[in-house]
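See below for final24.csv, which holds CSV, C-alpha atoms.
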```
chain,number,residue,atom,x,y,z
A,1,MET,CA,7.5,-81.1,143.2
A,2,SER,CA,7.9,-77.5,142.1
A,3,ASN,CA,9.4,-76.8,145.6
A,4,ILE,CA,12.0,-79.5,144.9
A,5,MET,CA,12.8,-78.9,141.2
A,6,ARG,CA,12.4,-76.1,138.7
A,7,GLU,CA,9.4,-76.6,136.4
A,8,SER,CA,11.6,-76.8,133.3
A,9,HIS,CA,13.5,-79.7,134.8
A,10,ILE,CA,10.2,-81.5,135.6
A,11,MET,CA,9.0,-80.9,132.1
A,12,LYS,CA,12.3,-82.2,130.6
A,13,ILE,CA,11.7,-85.4,132.6
A,14,HIS,CA,8.1,-85.4,131.4
A,15,TYR,CA,9.0,-85.2,127.7
A,16,LEU,CA,11.9,-87.6,128.0
A,17,THR,CA,9.9,-90.3,129.8
A,18,ALA,CA,7.2,-90.0,127.1
A,19,LEU,CA,9.8,-90.5,124.3
A,20,VAL,CA,11.7,-93.4,126.0
A,21,ALA,CA,8.4,-95.1,127.1
A,22,VAL,CA,7.2,-95.1,123.4
A,23,GLY,CA,10.5,-96.9,122.5
A,24,PHE,CA,10.0,-99.5,125.3
A,25,VAL,CA,6.4,-100.0,124.3
A,26,ILE,CA,7.5,-100.7,120.7
A,27,ILE,CA,10.0,-103.2,122.0
A,28,HIS,CA,7.3,-104.8,124.2
A,29,ILE,CA,4.8,-105.1,121.3
A,30,MET,CA,7.6,-106.5,119.0
A,31,ILE,CA,8.4,-109.2,121.5
A,32,ARG,CA,4.7,-110.1,121.8
A,33,PHE,CA,4.4,-110.5,118.1
A,34,THR,CA,7.6,-112.5,117.6
A,35,HIS,CA,7.6,-114.7,120.7
A,36,GLY,CA,4.9,-117.3,121.0
A,37,SER,CA,1.3,-117.0,120.2
A,38,PHE,CA,-0.1,-113.4,120.4
A,39,ALA,CA,-3.6,-114.8,121.2
A,40,ASN,CA,-2.3,-116.7,124.3
A,41,SER,CA,-0.1,-113.9,125.6
A,42,LEU,CA,-2.4,-112.9,128.4
A,43,GLU,CA,-2.8,-116.5,129.8
A,44,PHE,CA,-1.5,-116.7,133.4
A,45,GLU,CA,1.3,-119.2,132.6
A,46,SER,CA,2.4,-117.1,129.6
A,47,VAL,CA,2.5,-113.9,131.7
A,48,ILE,CA,4.5,-115.5,134.5
A,49,ALA,CA,6.9,-117.0,132.0
A,50,ASN,CA,7.6,-113.5,130.6
A,51,TYR,CA,8.7,-112.2,134.1
A,52,LYS,CA,11.2,-115.1,134.3
A,53,SER,CA,13.1,-113.7,131.4
A,54,ILE,CA,15.4,-111.2,133.1
A,55,PRO,CA,15.9,-108.8,130.0
A,56,TYR,CA,12.1,-108.8,129.5
A,57,ALA,CA,11.5,-108.2,133.2
A,58,ILE,CA,13.9,-105.2,132.9
A,59,VAL,CA,11.9,-103.9,129.9
A,60,LEU,CA,8.6,-104.2,131.9
A,61,GLU,CA,10.2,-102.5,135.0
A,62,ALA,CA,11.5,-99.6,132.8
A,63,MET,CA,8.0,-99.2,131.3
A,64,LEU,CA,6.4,-99.2,134.7
A,65,ILE,CA,8.8,-96.5,136.0
A,66,LEU,CA,8.6,-94.3,132.8
A,67,ILE,CA,4.8,-94.5,132.5
A,68,SER,CA,4.3,-93.9,136.2
A,69,VAL,CA,6.5,-90.8,136.3
A,70,HIS,CA,5.0,-89.4,133.1
A,71,GLY,CA,1.4,-90.2,134.0
A,72,PHE,CA,1.5,-88.9,137.6
A,73,ASN,CA,3.2,-85.7,136.5
A,74,GLY,CA,0.5,-85.3,133.8
A,75,LEU,CA,-2.1,-85.8,136.5
A,76,ARG,CA,-0.4,-83.2,138.7
A,77,ILE,CA,-0.4,-80.7,135.8
A,78,ILE,CA,-4.1,-81.2,135.0
A,79,LEU,CA,-5.1,-80.8,138.7
A,80,LEU,CA,-3.0,-77.7,139.1
A,81,GLU,CA,-4.8,-76.1,136.2
A,82,LEU,CA,-8.2,-76.9,137.6
A,83,LYS,CA,-7.8,-75.2,140.9
A,84,GLN,CA,-5.2,-72.9,142.6
A,85,GLY,CA,-4.0,-72.2,146.1
A,86,ASN,CA,-1.0,-73.1,148.1
A,87,ALA,CA,-2.5,-75.8,150.3
A,88,TYR,CA,-4.2,-77.4,147.3
A,89,GLU,CA,-1.1,-77.3,145.1
A,90,ASN,CA,1.1,-78.8,147.8
A,91,ALA,CA,-1.5,-81.6,148.4
A,92,VAL,CA,-1.7,-82.3,144.7
A,93,THR,CA,2.1,-82.3,144.2
A,94,TYR,CA,3.0,-84.4,147.2
A,95,GLY,CA,-0.1,-86.7,146.7
A,96,CYS,CA,0.9,-87.4,143.1
A,97,LEU,CA,4.5,-88.0,144.2
A,98,ALA,CA,3.4,-90.5,146.9
A,99,ALA,CA,1.0,-92.3,144.5
A,100,MET,CA,3.7,-92.6,141.9
A,101,ILE,CA,6.2,-94.1,144.4
A,102,ALA,CA,3.5,-96.4,145.7
A,103,LEU,CA,2.6,-97.7,142.3
A,104,ILE,CA,6.2,-98.2,141.3
A,105,ALA,CA,6.9,-100.0,144.5
A,106,TYR,CA,3.9,-102.3,144.2
A,107,GLY,CA,4.6,-103.0,140.5
A,108,SER,CA,8.3,-103.6,141.1
A,109,ARG,CA,7.4,-106.0,143.9
A,110,THR,CA,5.1,-108.0,141.5
A,111,ILE,CA,7.9,-108.1,138.8
A,112,ILE,CA,10.6,-109.2,141.3
A,113,MET,CA,8.4,-111.8,142.9
A,114,ALA,CA,7.3,-113.3,139.6
A,115,SER,CA,10.8,-113.3,138.1
A,116,MET,CA,12.2,-115.0,141.2
A,117,GLY,CA,9.6,-117.7,140.9
A,118,MET,CA,7.8,-116.7,144.1
A,119,VAL,CA,4.5,-116.7,142.1
A,120,GLU,CA,3.5,-120.3,141.1
A,121,ALA,CA,2.1,-120.9,137.7
B,1,MET,CA,-15.9,-28.9,98.0
B,2,THR,CA,-16.6,-27.1,94.7
B,3,LYS,CA,-19.6,-25.0,94.0
B,4,ASP,CA,-21.4,-27.8,92.1
B,5,GLY,CA,-21.0,-30.0,95.2
B,6,ALA,CA,-18.2,-32.2,93.8
B,7,LEU,CA,-15.3,-33.0,96.0
B,8,PRO,CA,-11.9,-31.5,94.9
B,9,LYS,CA,-9.5,-33.7,93.0
B,10,GLY,CA,-7.9,-36.3,95.2
B,11,PHE,CA,-10.7,-36.2,97.8
B,12,GLU,CA,-13.3,-38.2,95.9
B,13,ARG,CA,-15.0,-41.1,97.8
B,14,PRO,CA,-13.7,-44.5,96.8
B,15,THR,CA,-16.0,-46.5,94.7
B,16,VAL,CA,-16.3,-50.3,94.3
B,17,SER,CA,-14.9,-51.1,90.9
B,18,ALA,CA,-16.4,-54.4,90.1
B,19,SER,CA,-16.7,-55.5,86.5
B,20,PRO,CA,-20.0,-57.1,85.5
B,21,ASN,CA,-18.0,-60.3,84.9
B,22,ASP,CA,-16.7,-60.4,88.4
B,23,SER,CA,-19.9,-61.9,89.7
B,24,GLY,CA,-18.7,-62.6,93.3
B,25,VAL,CA,-17.6,-59.0,94.0
B,26,GLN,CA,-20.6,-57.6,92.2
B,27,GLU,CA,-23.0,-59.7,94.1
B,28,LYS,CA,-21.4,-58.7,97.4
B,29,TYR,CA,-21.6,-55.1,96.4
B,30,GLU,CA,-25.3,-55.4,95.4
B,31,GLU,CA,-26.0,-57.1,98.7
B,32,VAL,CA,-24.5,-54.3,100.7
B,33,LYS,CA,-26.1,-51.7,98.5
B,34,SER,CA,-29.6,-53.2,98.7
B,35,SER,CA,-29.5,-54.0,102.4
B,36,SER,CA,-31.7,-52.2,104.8
B,37,LYS,CA,-28.5,-50.7,106.3
B,38,THR,CA,-29.5,-51.5,109.8
B,39,ILE,CA,-28.4,-54.2,112.1
B,40,THR,CA,-29.6,-55.5,115.4
B,41,LEU,CA,-26.9,-54.8,118.0
B,42,ARG,CA,-27.2,-57.1,121.1
B,43,ILE,CA,-25.3,-55.7,124.0
B,44,SER,CA,-24.5,-57.7,127.1
B,45,LYS,CA,-25.7,-55.7,130.2
B,46,PHE,CA,-24.6,-56.7,133.6
B,47,ASN,CA,-23.8,-54.6,136.7
B,48,PRO,CA,-22.2,-56.8,139.4
B,49,GLU,CA,-23.4,-54.4,142.1
B,50,LYS,CA,-27.1,-54.6,141.1
B,51,ASP,CA,-27.9,-57.4,138.7
B,52,LEU,CA,-28.2,-61.1,139.3
B,53,ARG,CA,-27.7,-62.2,135.7
B,54,THR,CA,-26.5,-61.0,132.3
B,55,ALA,CA,-29.2,-59.6,130.0
B,56,PHE,CA,-28.8,-58.9,126.3
B,57,HIS,CA,-30.5,-55.7,125.2
B,58,ALA,CA,-31.2,-55.4,121.5
B,59,PHE,CA,-31.0,-52.1,119.5
B,60,THR,CA,-31.5,-51.4,115.9
B,61,VAL,CA,-28.6,-49.4,114.6
B,62,PRO,CA,-28.1,-47.8,111.1
B,63,TYR,CA,-24.7,-48.5,109.5
B,64,GLN,CA,-22.6,-47.7,106.5
B,65,ARG,CA,-19.8,-49.8,105.0
B,66,TRP,CA,-17.2,-48.1,107.2
B,67,THR,CA,-19.2,-48.2,110.4
B,68,THR,CA,-17.3,-50.0,113.2
B,69,VAL,CA,-18.8,-51.9,116.0
B,70,LEU,CA,-17.5,-49.2,118.4
B,71,ASP,CA,-19.3,-46.6,116.3
B,72,ALA,CA,-22.5,-48.6,116.6
B,73,ILE,CA,-22.2,-49.0,120.4
B,74,LEU,CA,-21.5,-45.3,120.7
B,75,GLU,CA,-24.5,-44.5,118.5
B,76,VAL,CA,-26.7,-46.6,120.9
B,77,LYS,CA,-25.0,-44.9,123.9
B,78,SER,CA,-25.7,-41.4,122.5
B,79,HIS,CA,-29.3,-41.9,121.3
B,80,GLN,CA,-30.8,-45.0,122.9
B,81,ASP,CA,-29.2,-46.1,126.2
B,82,HIS,CA,-26.8,-43.8,127.9
B,83,SER,CA,-26.1,-46.3,130.7
B,84,ILE,CA,-24.0,-48.7,128.5
B,85,GLY,CA,-20.6,-49.2,130.1
B,86,VAL,CA,-17.9,-49.4,127.5
B,87,ARG,CA,-14.2,-48.5,127.6
B,88,TYR,CA,-12.6,-46.8,124.5
B,89,SER,CA,-10.1,-44.2,123.6
B,90,CYS,CA,-8.2,-43.8,120.4
B,91,ARG,CA,-10.6,-45.4,117.9
B,92,GLN,CA,-7.7,-46.5,115.8
B,93,ALA,CA,-6.5,-49.9,117.2
B,94,THR,CA,-3.6,-48.2,119.1
B,95,CYS,CA,-4.7,-47.9,122.7
B,96,GLY,CA,-6.1,-51.4,123.2
B,97,SER,CA,-9.0,-50.2,125.3
B,98,CYS,CA,-12.1,-51.5,123.4
B,99,GLY,CA,-11.4,-55.3,123.3
B,100,MET,CA,-14.7,-57.3,123.6
B,101,ILE,CA,-16.3,-60.5,122.3
B,102,ILE,CA,-18.0,-59.6,119.0
B,103,ASN,CA,-20.1,-62.4,117.5
B,104,GLY,CA,-18.3,-65.0,119.7
B,105,LYS,CA,-14.7,-63.9,118.9
B,106,PRO,CA,-12.4,-61.5,120.8
B,107,ARG,CA,-11.8,-58.4,118.7
B,108,LEU,CA,-11.2,-54.7,119.0
B,109,ALA,CA,-14.6,-52.9,118.5
B,110,CYS,CA,-12.8,-50.0,116.8
B,111,PHE,CA,-11.1,-52.3,114.4
B,112,THR,CA,-14.1,-54.4,113.4
B,113,LYS,CA,-16.4,-53.1,110.7
B,114,ILE,CA,-20.0,-54.3,110.9
B,115,SER,CA,-20.0,-54.9,107.1
B,116,GLU,CA,-17.2,-57.5,107.5
B,117,LEU,CA,-19.1,-59.6,110.1
B,118,ASP,CA,-21.6,-60.8,107.4
B,119,SER,CA,-24.4,-60.9,109.9
B,120,ASP,CA,-27.6,-58.9,110.5
B,121,VAL,CA,-27.2,-59.5,114.3
B,122,VAL,CA,-24.1,-58.3,116.1
B,123,THR,CA,-23.7,-59.5,119.6
B,124,VAL,CA,-21.2,-57.8,121.9
B,125,GLU,CA,-20.1,-59.2,125.2
B,126,PRO,CA,-17.2,-58.4,127.7
B,127,MET,CA,-13.9,-60.2,127.2
B,128,ASN,CA,-13.6,-63.7,128.9
B,129,ASN,CA,-11.0,-64.3,131.6
B,130,PHE,CA,-11.2,-60.8,133.0
B,131,PRO,CA,-13.1,-59.6,136.0
B,132,LEU,CA,-16.2,-57.7,134.9
B,133,ILE,CA,-16.6,-54.0,135.9
B,134,ARG,CA,-19.9,-53.3,134.1
B,135,ASP,CA,-21.5,-54.3,130.7
B,136,LEU,CA,-18.6,-54.3,128.3
B,137,ALA,CA,-15.9,-52.9,130.5
B,138,VAL,CA,-13.5,-55.4,132.2
B,139,GLY,CA,-10.7,-54.9,134.8
B,140,PHE,CA,-7.1,-55.1,133.5
B,141,GLU,CA,-5.3,-55.2,136.8
B,142,ARG,CA,-4.2,-58.8,136.6
B,143,MET,CA,-2.9,-58.5,133.1
B,144,PHE,CA,-1.0,-55.3,133.9
B,145,SER,CA,0.5,-56.7,137.1
B,146,THR,CA,1.7,-59.8,135.2
B,147,HIS,CA,3.1,-57.6,132.5
B,148,LYS,CA,5.0,-55.7,135.1
B,149,ARG,CA,6.2,-58.9,136.7
B,150,ILE,CA,8.1,-60.0,133.6
B,151,LYS,CA,10.1,-56.7,133.7
B,152,PRO,CA,9.1,-55.2,130.3
B,153,TYR,CA,12.2,-53.1,129.8
B,154,VAL,CA,15.8,-53.6,128.7
B,155,ILE,CA,17.9,-54.7,131.8
B,156,ARG,CA,21.6,-53.8,131.8
B,157,GLU,CA,24.1,-52.0,133.9
B,158,ASP,CA,25.0,-49.2,131.5
B,159,SER,CA,22.6,-46.8,129.9
B,160,GLU,CA,22.4,-45.2,126.5
B,161,THR,CA,20.9,-42.0,127.9
B,162,ASN,CA,23.7,-40.9,130.3
B,163,PRO,CA,26.0,-38.2,129.1
B,164,GLY,CA,29.0,-39.6,127.3
B,165,THR,CA,27.3,-42.9,126.4
B,166,LYS,CA,26.3,-44.0,122.9
B,167,GLU,CA,23.1,-45.5,121.5
B,168,PHE,CA,23.0,-49.4,121.7
B,169,LEU,CA,23.3,-50.3,118.0
B,170,GLN,CA,21.5,-53.3,116.5
B,171,TYR,CA,21.6,-54.9,113.1
B,172,PRO,CA,18.3,-55.3,111.3
B,173,GLU,CA,18.4,-59.1,111.8
B,174,ASP,CA,18.7,-58.5,115.6
B,175,VAL,CA,15.6,-56.3,115.5
B,176,GLU,CA,13.8,-58.8,113.3
B,177,LYS,CA,13.9,-61.4,116.2
B,178,TYR,CA,11.6,-59.4,118.4
B,179,ILE,CA,10.0,-56.5,116.5
B,180,GLN,CA,6.6,-58.1,115.9
B,181,PHE,CA,6.3,-58.7,119.7
B,182,ALA,CA,6.9,-55.0,120.3
B,183,SER,CA,3.6,-54.2,118.5
B,184,CYS,CA,1.6,-55.5,121.5
B,185,ILE,CA,-0.9,-52.8,122.6
B,186,LYS,CA,-2.0,-54.7,125.8
B,187,CYS,CA,-5.6,-55.0,124.6
B,188,GLY,CA,-5.9,-58.4,126.4
B,189,LEU,CA,-7.6,-60.2,123.4
B,190,CYS,CA,-5.0,-63.0,123.5
B,191,ASN,CA,-5.6,-63.6,127.3
B,192,SER,CA,-9.4,-63.5,126.6
B,193,ALA,CA,-9.0,-66.2,123.9
B,194,CYS,CA,-6.6,-68.4,125.9
B,195,PRO,CA,-8.2,-71.7,127.1
B,196,THR,CA,-5.7,-72.1,130.0
B,197,MET,CA,-6.6,-68.8,131.5
B,198,THR,CA,-10.2,-69.9,131.8
B,199,THR,CA,-9.3,-72.4,134.5
B,200,ASP,CA,-5.9,-71.3,135.8
B,201,SER,CA,-6.3,-68.0,137.5
B,202,THR,CA,-2.6,-67.7,138.2
B,203,PHE,CA,-1.3,-68.5,134.7
B,204,ILE,CA,0.9,-65.8,133.3
B,205,GLY,CA,-1.0,-65.8,130.0
B,206,PRO,CA,0.0,-65.2,126.4
B,207,GLN,CA,0.4,-61.5,126.7
B,208,GLY,CA,3.0,-61.7,129.5
B,209,LEU,CA,4.8,-64.6,127.9
B,210,ALA,CA,5.0,-62.9,124.5
B,211,GLN,CA,6.4,-59.8,126.2
B,212,ALA,CA,8.9,-61.9,128.1
B,213,TYR,CA,10.1,-63.3,124.7
B,214,ARG,CA,10.2,-59.7,123.3
B,215,TYR,CA,12.9,-58.8,125.9
B,216,VAL,CA,14.7,-62.2,126.0
B,217,ALA,CA,15.2,-62.0,122.3
B,218,ASP,CA,16.5,-58.4,122.4
B,219,ASN,CA,20.3,-58.6,122.2
B,220,ARG,CA,20.6,-55.3,124.1
B,221,ASP,CA,19.0,-56.9,127.2
B,222,LYS,CA,21.0,-58.7,129.9
B,223,GLY,CA,18.0,-59.8,132.0
B,224,LYS,CA,17.4,-63.1,130.2
B,225,ASP,CA,18.1,-65.4,133.1
B,226,GLU,CA,16.0,-63.3,135.5
B,227,ARG,CA,13.0,-63.4,133.2
B,228,LEU,CA,13.4,-67.1,132.4
B,229,ARG,CA,13.3,-67.7,136.1
B,230,ILE,CA,10.1,-65.7,136.5
B,231,ILE,CA,8.2,-67.7,133.8
B,232,ASP,CA,9.7,-71.1,134.8
B,233,GLU,CA,7.2,-71.8,137.5
B,234,PRO,CA,4.2,-74.2,138.0
B,235,HIS,CA,1.8,-71.6,136.5
B,236,GLY,CA,4.2,-70.2,134.0
B,237,ILE,CA,5.2,-71.0,130.4
B,238,TRP,CA,4.7,-74.8,130.7
B,239,ARG,CA,0.9,-74.5,131.2
B,240,CYS,CA,0.5,-73.3,127.6
B,241,HIS,CA,-1.2,-76.1,125.5
B,242,PHE,CA,-0.4,-74.4,122.2
B,243,ALA,CA,-4.1,-73.9,121.2
B,244,GLY,CA,-2.9,-71.0,119.2
B,245,SER,CA,-6.1,-68.9,119.7
B,246,CYS,CA,-4.0,-66.0,121.1
B,247,SER,CA,-2.3,-65.6,117.8
B,248,GLN,CA,-5.6,-66.0,115.9
B,249,VAL,CA,-7.2,-63.0,117.6
B,250,CYS,CA,-4.3,-60.6,117.9
B,251,PRO,CA,-5.3,-57.4,116.0
B,252,LYS,CA,-1.7,-56.3,115.7
B,253,GLY,CA,-0.3,-59.5,114.1
B,254,VAL,CA,1.7,-60.5,117.1
B,255,ASP,CA,2.1,-64.3,117.4
B,256,PRO,CA,2.3,-65.1,121.1
B,257,ALA,CA,2.0,-68.8,120.5
B,258,MET,CA,5.2,-68.7,118.5
B,259,GLY,CA,6.9,-66.5,121.1
B,260,ILE,CA,6.0,-69.1,123.8
B,261,GLN,CA,7.5,-72.0,121.8
B,262,LEU,CA,10.7,-70.0,121.2
B,263,LEU,CA,10.9,-69.2,124.9
B,264,ARG,CA,10.6,-72.9,125.7
B,265,GLY,CA,13.6,-73.4,123.5
B,266,TYR,CA,15.7,-71.3,125.9
B,267,LEU,CA,14.4,-73.3,128.9
B,268,LEU,CA,15.0,-76.6,127.3
B,269,GLY,CA,18.5,-75.6,126.3
B,270,TYR,CA,18.3,-75.7,122.5
B,271,ARG,CA,18.3,-71.9,122.2
B,272,LYS,CA,21.0,-69.7,123.7
```
This entry written out as structure tokens:
Amino acid sequence: MSNIMRESHIMKIHYLTALVAVGFVIIHIMIRFTHGSFANSLEFESVIANYKSIPYAIVLEAMLILISVHGFNGLRIILLELKQGNAYENAVTYGCLAAMIALIAYGSRTIIMASMGMVEA
Amino acid sequence: MTKDGALPKGFERPTVSASPNDSGVQEKYEEVKSSSKTITLRISKFNPEKDLRTAFHAFTVPYQRWTTVLDAILEVKSHQDHSIGVRYSCRQATCGSCGMIINGKPRLACFTKISELDSDVVTVEPMNNFPLIRDLAVGFERMFSTHKRIKPYVIREDSETNPGTKEFLQYPEDVEKYIQFASCIKCGLCNSACPTMTTDSTFIGPQGLAQAYRYVADNRDKGKDERLRIIDEPHGIWRCHFAGSCSQVCPKGVDPAMGIQLLRGYLLGYRK
């Protein structure tokens, strides 16, 4: 990533995603407390019903992207501090970038399929 | 000295003036006075060319209230073990040569009195995060090359030394912004205390970053963007976790941790 962007830009994204993710997590928890029974919120039907609400699906998608970006950059930073060397650093950087894209793609697929009713309750 | 052995006026030895009611001070004084006046000095001995592992050699060393750890090491070197490898020069906390780990904390040996350590055993080891040369002497090449890399000088087109030019004037408040960072003696204690430097062999380190701030904050300097680009790299300023140990151990009162946070302000755009 450092070959693509300056480290200060990456860190701005890192801090910003953390702050915005906290905001979205608060919204998510508030919705869980105010809509339906909190105890039943992890039941399969309840989870699928959440995805069918478009605004809520957008909140979940945003959380997925923000936390993935922040988390995988954090992992990249930790791994870069553990060991150094050009080949290793490139592997870590591009590996984390690929893993982040894969996780976002897989999570988005789940959110889209569930919100479009492709997953049956 | 006068004929009766008394010191001339103004040259008398200082005395501890504890009143009998001041029990804490009095107790401390009595403790120092009645102590055996010797300590056990444990010195880390390791020669990378010969030894397989570090060994601690213990020596009994006499001391006075004013004896420094460097004095004790040199006493041992003079009378008990000539082979001890130690680097020192000025003996007054100016040259930055005698940094070492004393009782677990990075300190200058010439600036640490044995009496202030409150211990009968003083253990000295080489600084962490530096390659070992021998015993207590470590190599400073990496720190000096990093220091050089951040361009530790005022960068600008004109000069105040050429004929017909004038001195670059600064207001006291301009000097205030960087003056504490100019006190750095490059002893390396901050780098030795830094937890990031332990694992990241290419991290610039608190010494280099504090010096980058020293010149970035200097309003005579025009090399701010150049320096910010040097420290804005994967192993640059962002790898500081703000443990603050660098500032804790600096013998000159420099606060590298603060300098690093202020530098981040320039990179994040809330300082100009």
| Of the residues A:Ala99, A:Leu66, A:Val92, A:Ile31, which is the one nearest to Ser53 of chain A, using all atoms listed in the file? |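 Smallest separation from Ser53 of chain A among the options: A:Ile31.
All chain A residues having an atom within 9 Å of chain B, based on only C-alpha atoms, amount to Ser2, Arg6, Glu7, Ser8, His9, Met11, Lys12, Ile77, Leu80, Glu81, Leu82, Lys83 and Gln84 of chain A.
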| For Lys272 of chain B, which of B:Ala55, B:Cys187, B:Val216, B:Cys110 is the closest residue, counting only C-alpha atoms? | B:Val216
| field | From B:Ser145, B:Thr123, B:Asn219, B:Ser245, residue lying nearest Gln170 of chain B [all atoms listed in the file] | value |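 The shortest atom-to-atom distance to Gln170 of chain B comes from B:Asn219.
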| message | I'd like to know which of A:Ile26, A:Tyr88, A:Val119, A:Leu97 is closest to His70 of chain A, using only C-alpha atoms. | response | A:Leu97
| message | For a test of reading the model, state the distance in Å between atom CA of Tyr213 of chain B and atom CA of Cys194 of chain B, rounded to one decimal. | response |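 Computing the Euclidean distance for atom CA of Tyr213 of chain B and atom CA of Cys194 of chain B yields 17.5 Å.
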| said: Between atom CA of Cys240 of chain B and atom CA of Leu108 of chain B, what distance in Å does the model show, to one decimal? | reply: 23.6 Å
| query | With only C-alpha atoms as the basis for distance, which of A:Leu75, A:Ile101, A:Ala21, A:Leu42 is at the shortest distance from Met63 of chain A? | reply |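 So, comparing all the options, the nearest one is A:Ala21.
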| request: Go through B:His82, B:Lys166, B:Lys77, B:Lys186 one by one, measure the shortest atom-to-atom distance of each to Thr146 of chain B using only C-alpha atoms, and give the residue with the smallest value. | output: B:Lys186
| said: Using Å and a single decimal, report how far atom CA of Met100 of chain B sits from atom CA of Phe242 of chain B. | reply: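 About the pair atom CA of Phe242 of chain B and atom CA of Met100 of chain B: they are 22.3 Å apart.
Residues lying within 8 Å of (4.7, -61.0, 135.4). Counted over only C-alpha atoms, they are Ser145, Thr146, His147, Lys148, Arg149, Ile150, Lys151, Ile204, Gly208, Ile230 and Ile231 of chain B.
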| task | In the coordinates of the file, take the point (4.9, -88.1, 127.4) and a cut-off of 12 Å; then, counting all atoms listed in the file, name each qualifying protein, DNA or RNA residue as a list of chain:residue names. | result | A:Ile10, A:Met11, A:Lys12, A:Ile13, A:His14, A:Tyr15, A:Leu16, A:Thr17, A:Ala18, A:Leu19, A:Val20, A:Ala21, A:Val22, A:Gly23, A:Leu66, A:Ile67, A:Ser68, A:Val69, A:His70, A:Gly71, A:Phe72, A:Asn73, A:Gly74, A:Leu75
| field | Distance query Ile48 of chain A at most 10 Å, only C-alpha atoms, self and fewer than 2 positions along chain excluded, as an MDAnalysis selection string | value | chainID A and resid 42:46 50:53 111 113:115 117 119:121
Fewer than 2 positions away in the same chain doesn't count, so skip those; otherwise give me all residues within 12 Å of Phe130 of chain B, counting all atoms listed in the file, as a PDB file with C-alpha atoms, keeping the file's coordinate frame.
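out30.pdb, freshly written:
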```
ATOM      1  CA  GLY B  99     -11.400 -55.300 123.300  1.00  0.00           C
ATOM      2  CA  MET B 100     -14.700 -57.300 123.600  1.00  0.00           C
ATOM      3  CA  ILE B 101     -16.300 -60.500 122.300  1.00  0.00           C
ATOM      4  CA  GLU B 125     -20.100 -59.200 125.200  1.00  0.00           C
ATOM      5  CA  PRO B 126     -17.200 -58.400 127.700  1.00  0.00           C
ATOM      6  CA  MET B 127     -13.900 -60.200 127.200  1.00  0.00           C
ATOM      7  CA  ASN B 128     -13.600 -63.700 128.900  1.00  0.00           C
ATOM      8  CA  LEU B 132     -16.200 -57.700 134.900  1.00  0.00           C
ATOM      9  CA  ILE B 133     -16.600 -54.000 135.900  1.00  0.00           C
ATOM     10  CA  ARG B 134     -19.900 -53.300 134.100  1.00  0.00           C
ATOM     11  CA  LEU B 136     -18.600 -54.300 128.300  1.00  0.00           C
ATOM     12  CA  ALA B 137     -15.900 -52.900 130.500  1.00  0.00           C
ATOM     13  CA  VAL B 138     -13.500 -55.400 132.200  1.00  0.00           C
ATOM     14  CA  GLY B 139     -10.700 -54.900 134.800  1.00  0.00           C
ATOM     15  CA  PHE B 140      -7.100 -55.100 133.500  1.00  0.00           C
ATOM     16  CA  GLU B 141      -5.300 -55.200 136.800  1.00  0.00           C
ATOM     17  CA  ARG B 142      -4.200 -58.800 136.600  1.00  0.00           C
ATOM     18  CA  MET B 143      -2.900 -58.500 133.100  1.00  0.00           C
ATOM     19  CA  PHE B 144      -1.000 -55.300 133.900  1.00  0.00           C
ATOM     20  CA  CYS B 187      -5.600 -55.000 124.600  1.00  0.00           C
ATOM     21  CA  GLY B 188      -5.900 -58.400 126.400  1.00  0.00           C
ATOM     22  CA  LEU B 189      -7.600 -60.200 123.400  1.00  0.00           C
ATOM     23  CA  CYS B 190      -5.000 -63.000 123.500  1.00  0.00           C
ATOM     24  CA  ASN B 191      -5.600 -63.600 127.300  1.00  0.00           C
ATOM     25  CA  SER B 192      -9.400 -63.500 126.600  1.00  0.00           C
ATOM     26  CA  ALA B 193      -9.000 -66.200 123.900  1.00  0.00           C
ATOM     27  CA  CYS B 194      -6.600 -68.400 125.900  1.00  0.00           C
ATOM     28  CA  MET B 197      -6.600 -68.800 131.500  1.00  0.00           C
ATOM     29  CA  THR B 198     -10.200 -69.900 131.800  1.00  0.00           C
ATOM     30  CA  THR B 199      -9.300 -72.400 134.500  1.00  0.00           C
ATOM     31  CA  SER B 201      -6.300 -68.000 137.500  1.00  0.00           C
ATOM     32  CA  GLY B 205      -1.000 -65.800 130.000  1.00  0.00           C
TER      33      GLY B 205
END
```
Take segment 177-182 of chain B, bring it up to N, CA and C atoms, and give me the output as a short mmCIF file (atom, residue, chain, number, x, y, z; two decimals), in the frame of the given file.
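Okay, result_5.cif is ready:
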```cif
data_model
loop_
_atom_site.label_atom_id
_atom_site.label_comp_id
_atom_site.auth_asym_id
_atom_site.auth_seq_id
_atom_site.Cartn_x
_atom_site.Cartn_y
_atom_site.Cartn_z
N LYS B 177 14.23 -60.29 115.21
CA LYS B 177 13.90 -61.40 116.20
C LYS B 177 12.77 -61.03 117.10
N TYR B 178 12.59 -59.76 117.42
CA TYR B 178 11.60 -59.40 118.40
C TYR B 178 10.58 -58.36 117.99
N ILE B 179 10.80 -57.73 116.81
CA ILE B 179 10.00 -56.50 116.50
C ILE B 179 8.52 -56.73 116.47
N GLN B 180 8.07 -57.91 115.98
CA GLN B 180 6.60 -58.10 115.90
C GLN B 180 6.00 -58.15 117.34
N PHE B 181 6.80 -58.60 118.32
CA PHE B 181 6.30 -58.70 119.70
C PHE B 181 6.22 -57.31 120.34
N ALA B 182 6.98 -56.35 119.77
CA ALA B 182 6.90 -55.00 120.30
C ALA B 182 5.67 -54.27 119.84
#
```
